[in-house]
Amino acid sequence: MREEPGAPSLIYIDLHLVHEVTSPQAFSGLRARGLKVRRPDLTIATTDHSIPTSDRSLPILDPIAANQVAQLDINCKEFGVPHYGVHSEHQGIVHVMGPELGFTQPGMTVVCGDSHTATHGAFGALAFGIGTSEVENVLATQCLLQRPSKTFKVQVDGTLKPGVTAKDIILAFCAKVGVGGATGCVLEYTGSAIRALSMEGRMTVCNMSIEAGARAGMIAPDETTFEYLKGRPFAPKGEEWDKAVAYWKTLPTDEGAVFDRTVTIDADTLEPMITWGTNPGMGVSITGAVPDPSGIADALDRDNVEKALAYMGLEAGKPVLGRPVDVVFIGSCTNSRISDLRAAAAVLKGRKVDPKVRVMVVPGSMDVKRQAIAEGLPEIFREAGCDYREPGCSMCIAMNGDQLQPGQYSVSTSNRNFEGRQGKGGRTFLASPLTAAASALAGVVADIRSIL
Amino acid sequence: MIPFTTFQSRVVPMPINNIDTDQIIPARFLKTTSKEGLDKNLFCDWRYETDGTPKPDFILNTPRGQGAQILLAGDNFGCGSSREHAPWALTQFGFRAVVSTSFADIFKGNALKNSLIPVVVSPEVHAKMFLLAEDALVTLDLAAQTLALPDGTKVEFAVDSFSKTCLLEGIDELGWILKQTPAIEAFEGGRALSVNTLG
Ligand code: SF4
């Protein structure tokens, strides 16, 4: 909105999402300066990271987590911010509940003290993660200082084969450019395979933009976007709706726009993907082999691959397929929406998971949970032998007691396989809900296509 | 904010690429509502055994890792989560600069807001710095945007000019944005006509 010589641009934030982990110090900062929240009407909070995914009527046993959760309640009451807290009927992972309630709309600027805020780019919003100092800035002024980013086009054409999903597109992109490959960039995903995705699939893709280092990832809004938004509680209504759609239709990037960089992915030949290492860029197709460090020329790169293989307990040059797993985690802001649960349930229906495997299914929000009940999904999961839990981030970040034990292997539908991300010493293979469900049945990393 | 001044320090090498913020400060320490006390868990899972004893080989547990203000890390430092707890933990431990060939965007922004300078150097300088003697001293001059190496070479690095001014003059960013309130109000006035808003 404003540029001063020598100062970065000031941008106005249309939607600010807040959660319990990255906001307490920002609210303390406001208090210390005697400031108010400038636009509580453009701010919403939820509690997702630190809360147990067990029975909600029980108190939180971890006193530090309980204090953090209580603090968000106190802060929201004091500053007048609407809070979809632990006992709200709309509580959920911030990047699941925001879009599903219709808060996220095309053309908005959306921020959250959370790196997966890029999820909201699926609607054609400019959405990015910020740190706690910036959370404080936005609470106080509704503005941020912003530096220009480079533009990066991700062109995905073709038709995904059965068993291949939105998650595989984004894992393939991360594997192609590497964990830092899109640093400093805003991605635009485009092409026939992206257009063919549902909004939930598009959110899965945009969600992991940060895993390639991108600041944000966007998809131009189209009929799929409008169809999804129509009738959502906070979407525009009546005449406002028509005006909004007319405006949203003006948003897509001009034909022939020039990007700083372009990468293409062929959807026709894409296979299910899985990560083998300790960052999301270390991925291969499910039938592929993990790299052999002896073939890597750069000493530091070689060291890093060796270190990752040692941490993961994997042998160079061998496939991940067939490796025994201890845990399967279906959840997180990447893959805990109703379509993800439906996909997993379709695989598990009438079957039994391997008894050696602990299979956790964690819906992304209370709304997802209700819809799943309406469709009879919890029974399918329970009959198959899964542990079906209450909404939250859960073992994606392992802050709440849901975690791997040292050395355990998990196939997870979440977005990060960093060392210890899912519990100290835990080893994560990132994959789609279909691959996760197939692996739960087999007790080993499995190729969903073998049981389709 | 305290104005940032030139300093001289030994260098703590950590030759690992893609050090993510989950390694810098694991998520289980983010249940706090304060900024304080994070230094003791900096690089926790690399630094301590499961029983809490320090791992003798980890650099921060060696004399070289103590009392220095410059961390020399592999490429793409600070990727992953947006947690500002990462620069809080690093600065509380005593670091005032991290040198790498590249930084993750959110980490870089967070670092600058906490007087931790993300210094980007070329791969050649980066490789050369890993060969520095244990007691070699490097001088970081933010005003001149240079790192002075013991052999006399001065390496220039880029810093966003606004951040640099804020750091050198001790200007706090929120204070600066608050001064733009008339412009923010004017923008909000015009924005009432826009259709994509909630408020
Ligand atoms: S599900 Fe995982 S990645 Fe998503 S917001 Fe929660 S902790 Fe972050």
# chains A, B, ... in the order shown; residues from 1 in each chain; ligands from 1
$ interface_residues --of "chain B" --to "chain A" --cutoff "8 Å" --atoms "only C-alpha atoms" --output "ChimeraX atom specification"
/B:15-18,20,22-23,26-28,30-35,45,76,79-84,103-106,109-110,113,161-162,174,177-178,181,183-184,187,195-199
$ write_last_selection --atoms "C-alpha atoms" --output "compact mmCIF listing (two decimals), in the first residue's frame"
# COMPACT_ATOMS: atom_id res chain seq x y z
CA PRO B 15 29.40 -28.04 8.28
CA ILE B 16 25.87 -29.35 7.78
CA ASN B 17 23.55 -28.25 4.98
CA ASN B 18 19.86 -27.47 5.44
CA ASP B 20 16.24 -26.73 9.95
CA ASP B 22 13.46 -28.17 14.36
CA GLN B 23 17.17 -28.95 14.94
CA PRO B 26 12.98 -28.84 18.79
CA ALA B 27 9.21 -28.31 18.86
CA ARG B 28 8.76 -29.80 22.32
CA LEU B 30 7.86 -24.38 22.04
CA LYS B 31 5.19 -24.90 24.68
CA THR B 32 6.59 -21.93 26.56
CA THR B 33 4.84 -18.56 26.53
CA SER B 34 8.09 -16.67 27.13
CA LYS B 35 11.11 -15.88 24.96
CA ASP B 45 19.05 -33.38 20.08
CA ASN B 76 20.22 -23.07 3.41
CA CYS B 79 14.75 -23.92 6.74
CA GLY B 80 11.44 -25.30 7.95
CA SER B 81 9.23 -23.88 10.65
CA SER B 82 8.72 -20.13 11.15
CA ARG B 83 9.48 -20.35 14.88
CA GLU B 84 11.25 -17.19 16.06
CA PHE B 103 19.25 -18.68 4.43
CA ALA B 104 15.62 -19.65 4.51
CA ASP B 105 13.45 -16.54 4.06
CA ILE B 106 11.47 -16.63 7.29
CA GLY B 109 13.62 -12.07 8.60
CA ASN B 110 13.32 -13.37 12.14
CA LYS B 113 14.55 -8.61 14.02
CA SER B 161 19.03 -1.43 3.89
CA PHE B 162 16.01 -0.84 6.11
CA LEU B 174 6.88 -1.91 15.06
CA ILE B 177 5.13 1.01 11.31
CA LEU B 178 3.04 2.63 14.04
CA THR B 181 -0.86 5.00 11.13
CA ALA B 183 -1.47 6.06 5.87
CA ILE B 184 -2.94 2.84 7.29
CA PHE B 187 -5.95 2.83 3.19
CA VAL B 195 -15.21 -6.92 -1.84
CA ASN B 196 -12.81 -9.51 -0.53
CA THR B 197 -12.81 -8.45 3.08
CA LEU B 198 -14.31 -9.93 6.17
CA GLY B 199 -14.54 -6.71 8.15
$ select_by_dssp --residues "region 174-267 of chain A" --states "helix (DSSP H, G or I)" --output "PyMOL selection string"
chain A and resi 174-177+192-195+199-212+223-229+238-248+267
$ residues_around --residues "Phe173 (chain A)" --least-positions-apart "4" --cutoff "9 Å" --atoms "only C-alpha atoms" --output "PyMOL selection string"
chain A and resi 154+168-169+177-178+212+263-265+281
$ select_by_dssp --residues "region 319-348 of chain A" --states "strand (DSSP E or B)" --output "PyMOL selection string"
chain A and resi 319+324+327-330
$ closest_residue --among "A:Ala172, A:Met366, A:Val156, A:Cys393" --to "ligand 1" --atoms "only C-alpha atoms and all ligand atoms"
A:Cys393
$ residues_around --residues "Phe157 (chain B)" --least-positions-apart "4" --cutoff "12 Å" --atoms "only C-alpha atoms" --output "CSV table (one decimal) with N, CA, C and O atoms, in the first residue's frame"
chain,number,residue,atom,x,y,z
B,99,VAL,N,26.9,-17.3,9.4
B,99,VAL,CA,27.5,-17.2,8.1
B,99,VAL,C,27.1,-18.5,7.3
B,99,VAL,O,27.3,-19.6,7.8
B,100,SER,N,26.5,-18.3,6.1
B,100,SER,CA,26.2,-19.4,5.2
B,100,SER,C,26.2,-19.0,3.8
B,100,SER,O,26.4,-17.8,3.5
B,101,THR,N,25.9,-19.9,2.9
B,101,THR,CA,25.8,-19.5,1.5
B,101,THR,C,24.4,-19.0,1.2
B,101,THR,O,24.1,-18.4,0.2
B,102,SER,N,23.4,-19.4,2.1
B,102,SER,CA,22.0,-19.0,1.9
B,102,SER,C,21.2,-19.3,3.1
B,102,SER,O,21.6,-20.1,4.0
B,117,ILE,N,22.8,-11.4,12.7
B,117,ILE,CA,23.0,-11.0,11.3
B,117,ILE,C,23.2,-12.3,10.4
B,117,ILE,O,24.1,-13.1,10.7
B,118,PRO,N,22.3,-12.5,9.4
B,118,PRO,CA,22.5,-13.6,8.5
B,118,PRO,C,23.5,-13.1,7.4
B,118,PRO,O,23.1,-12.3,6.6
B,119,VAL,N,24.7,-13.7,7.4
B,119,VAL,CA,25.7,-13.2,6.5
B,119,VAL,C,25.8,-14.2,5.3
B,119,VAL,O,26.2,-15.4,5.6
B,120,VAL,N,25.5,-13.8,4.1
B,120,VAL,CA,25.6,-14.7,3.0
B,120,VAL,C,26.9,-14.4,2.3
B,120,VAL,O,27.2,-13.3,1.9
B,121,VAL,N,27.7,-15.5,2.2
B,121,VAL,CA,29.0,-15.4,1.5
B,121,VAL,C,29.0,-16.4,0.3
B,121,VAL,O,28.2,-17.3,0.2
B,122,SER,N,29.9,-16.2,-0.6
B,122,SER,CA,30.0,-17.0,-1.8
B,122,SER,C,30.5,-18.4,-1.4
B,122,SER,O,31.1,-18.6,-0.3
B,125,VAL,N,34.3,-18.3,-0.4
B,125,VAL,CA,34.6,-17.8,0.9
B,125,VAL,C,34.1,-18.7,2.0
B,125,VAL,O,34.8,-19.0,3.0
B,140,LEU,N,33.2,-8.5,12.2
B,140,LEU,CA,31.9,-8.2,11.5
B,140,LEU,C,31.6,-6.8,11.7
B,140,LEU,O,31.4,-6.3,12.8
B,141,ASP,N,31.6,-6.0,10.6
B,141,ASP,CA,31.3,-4.6,10.6
B,141,ASP,C,30.0,-4.4,9.8
B,141,ASP,O,30.0,-4.5,8.6
B,142,LEU,N,28.9,-4.2,10.5
B,142,LEU,CA,27.6,-4.1,9.8
B,142,LEU,C,27.5,-2.8,9.0
B,142,LEU,O,27.0,-2.8,7.9
B,143,ALA,N,28.0,-1.7,9.5
B,143,ALA,CA,27.9,-0.5,8.8
B,143,ALA,C,28.6,-0.6,7.5
B,143,ALA,O,28.1,-0.1,6.4
B,144,ALA,N,29.8,-1.2,7.4
B,144,ALA,CA,30.5,-1.4,6.2
B,144,ALA,C,30.1,-2.6,5.4
B,144,ALA,O,30.5,-2.8,4.3
B,145,GLN,N,29.2,-3.4,6.1
B,145,GLN,CA,28.8,-4.7,5.5
B,145,GLN,C,30.0,-5.6,5.1
B,145,GLN,O,30.0,-6.1,4.0
B,146,THR,N,30.9,-5.7,6.0
B,146,THR,CA,32.1,-6.6,5.7
B,146,THR,C,32.4,-7.5,6.8
B,146,THR,O,32.1,-7.3,8.0
B,147,LEU,N,32.9,-8.7,6.4
B,147,LEU,CA,33.6,-9.6,7.3
B,147,LEU,C,35.1,-9.5,7.0
B,147,LEU,O,35.5,-9.7,5.9
B,148,ALA,N,35.9,-9.2,8.1
B,148,ALA,CA,37.3,-9.1,7.8
B,148,ALA,C,37.9,-10.4,8.3
B,148,ALA,O,37.8,-10.8,9.5
B,161,SER,N,18.6,-2.7,3.4
B,161,SER,CA,19.0,-1.4,3.9
B,161,SER,C,18.2,-1.0,5.1
B,161,SER,O,18.7,-0.3,6.0
B,164,LYS,N,19.2,-2.8,8.1
B,164,LYS,CA,20.5,-2.3,8.6
B,164,LYS,C,20.4,-1.0,9.4
B,164,LYS,O,21.0,-0.9,10.4
$ residues_around --residues "Phe93 (chain B)" --least-positions-apart "6" --cutoff "9 Å" --atoms "only C-alpha atoms" --output "list in words"
Leu38, Asp39, Lys40, Leu42, Gly67 and Gln69 of chain B
$ residues_around --residues "Leu341 (chain A)" --least-positions-apart "3" --cutoff "8 Å" --atoms "only C-alpha atoms" --output "PyMOL selection string"
chain A and resi 330+336-338+344-345+363+372+377+433
$ write_last_selection --atoms "C-alpha atoms" --output "PDB file, in the first residue's frame"
ATOM      1  CA  ILE A 330      -2.747 -39.967   8.648  1.00  0.00           C
ATOM      2  CA  SER A 336      -6.315 -34.390   7.159  1.00  0.00           C
ATOM      3  CA  ARG A 337      -9.250 -33.033   5.189  1.00  0.00           C
ATOM      4  CA  ILE A 338     -12.349 -35.031   4.445  1.00  0.00           C
ATOM      5  CA  ALA A 344      -7.638 -43.682   3.271  1.00  0.00           C
ATOM      6  CA  ALA A 345     -10.965 -45.195   4.338  1.00  0.00           C
ATOM      7  CA  PRO A 363      -8.983 -35.428  11.389  1.00  0.00           C
ATOM      8  CA  ALA A 372     -16.486 -38.143   8.705  1.00  0.00           C
ATOM      9  CA  LEU A 377     -15.632 -43.226   8.309  1.00  0.00           C
ATOM     10  CA  PRO A 433      -2.836 -40.948   2.410  1.00  0.00           C
TER      11      PRO A 433
END
$ atom_distance --atom1 "CA of Asp298 (chain A)" --atom2 "CA of Met129 (chain B)"
16.8 Å
$ closest_residue --among "B:Trp46, B:Ala127, B:Ile25, B:Ser115" --to "Gly78 (chain B)" --atoms "only C-alpha atoms"
B:Ile25
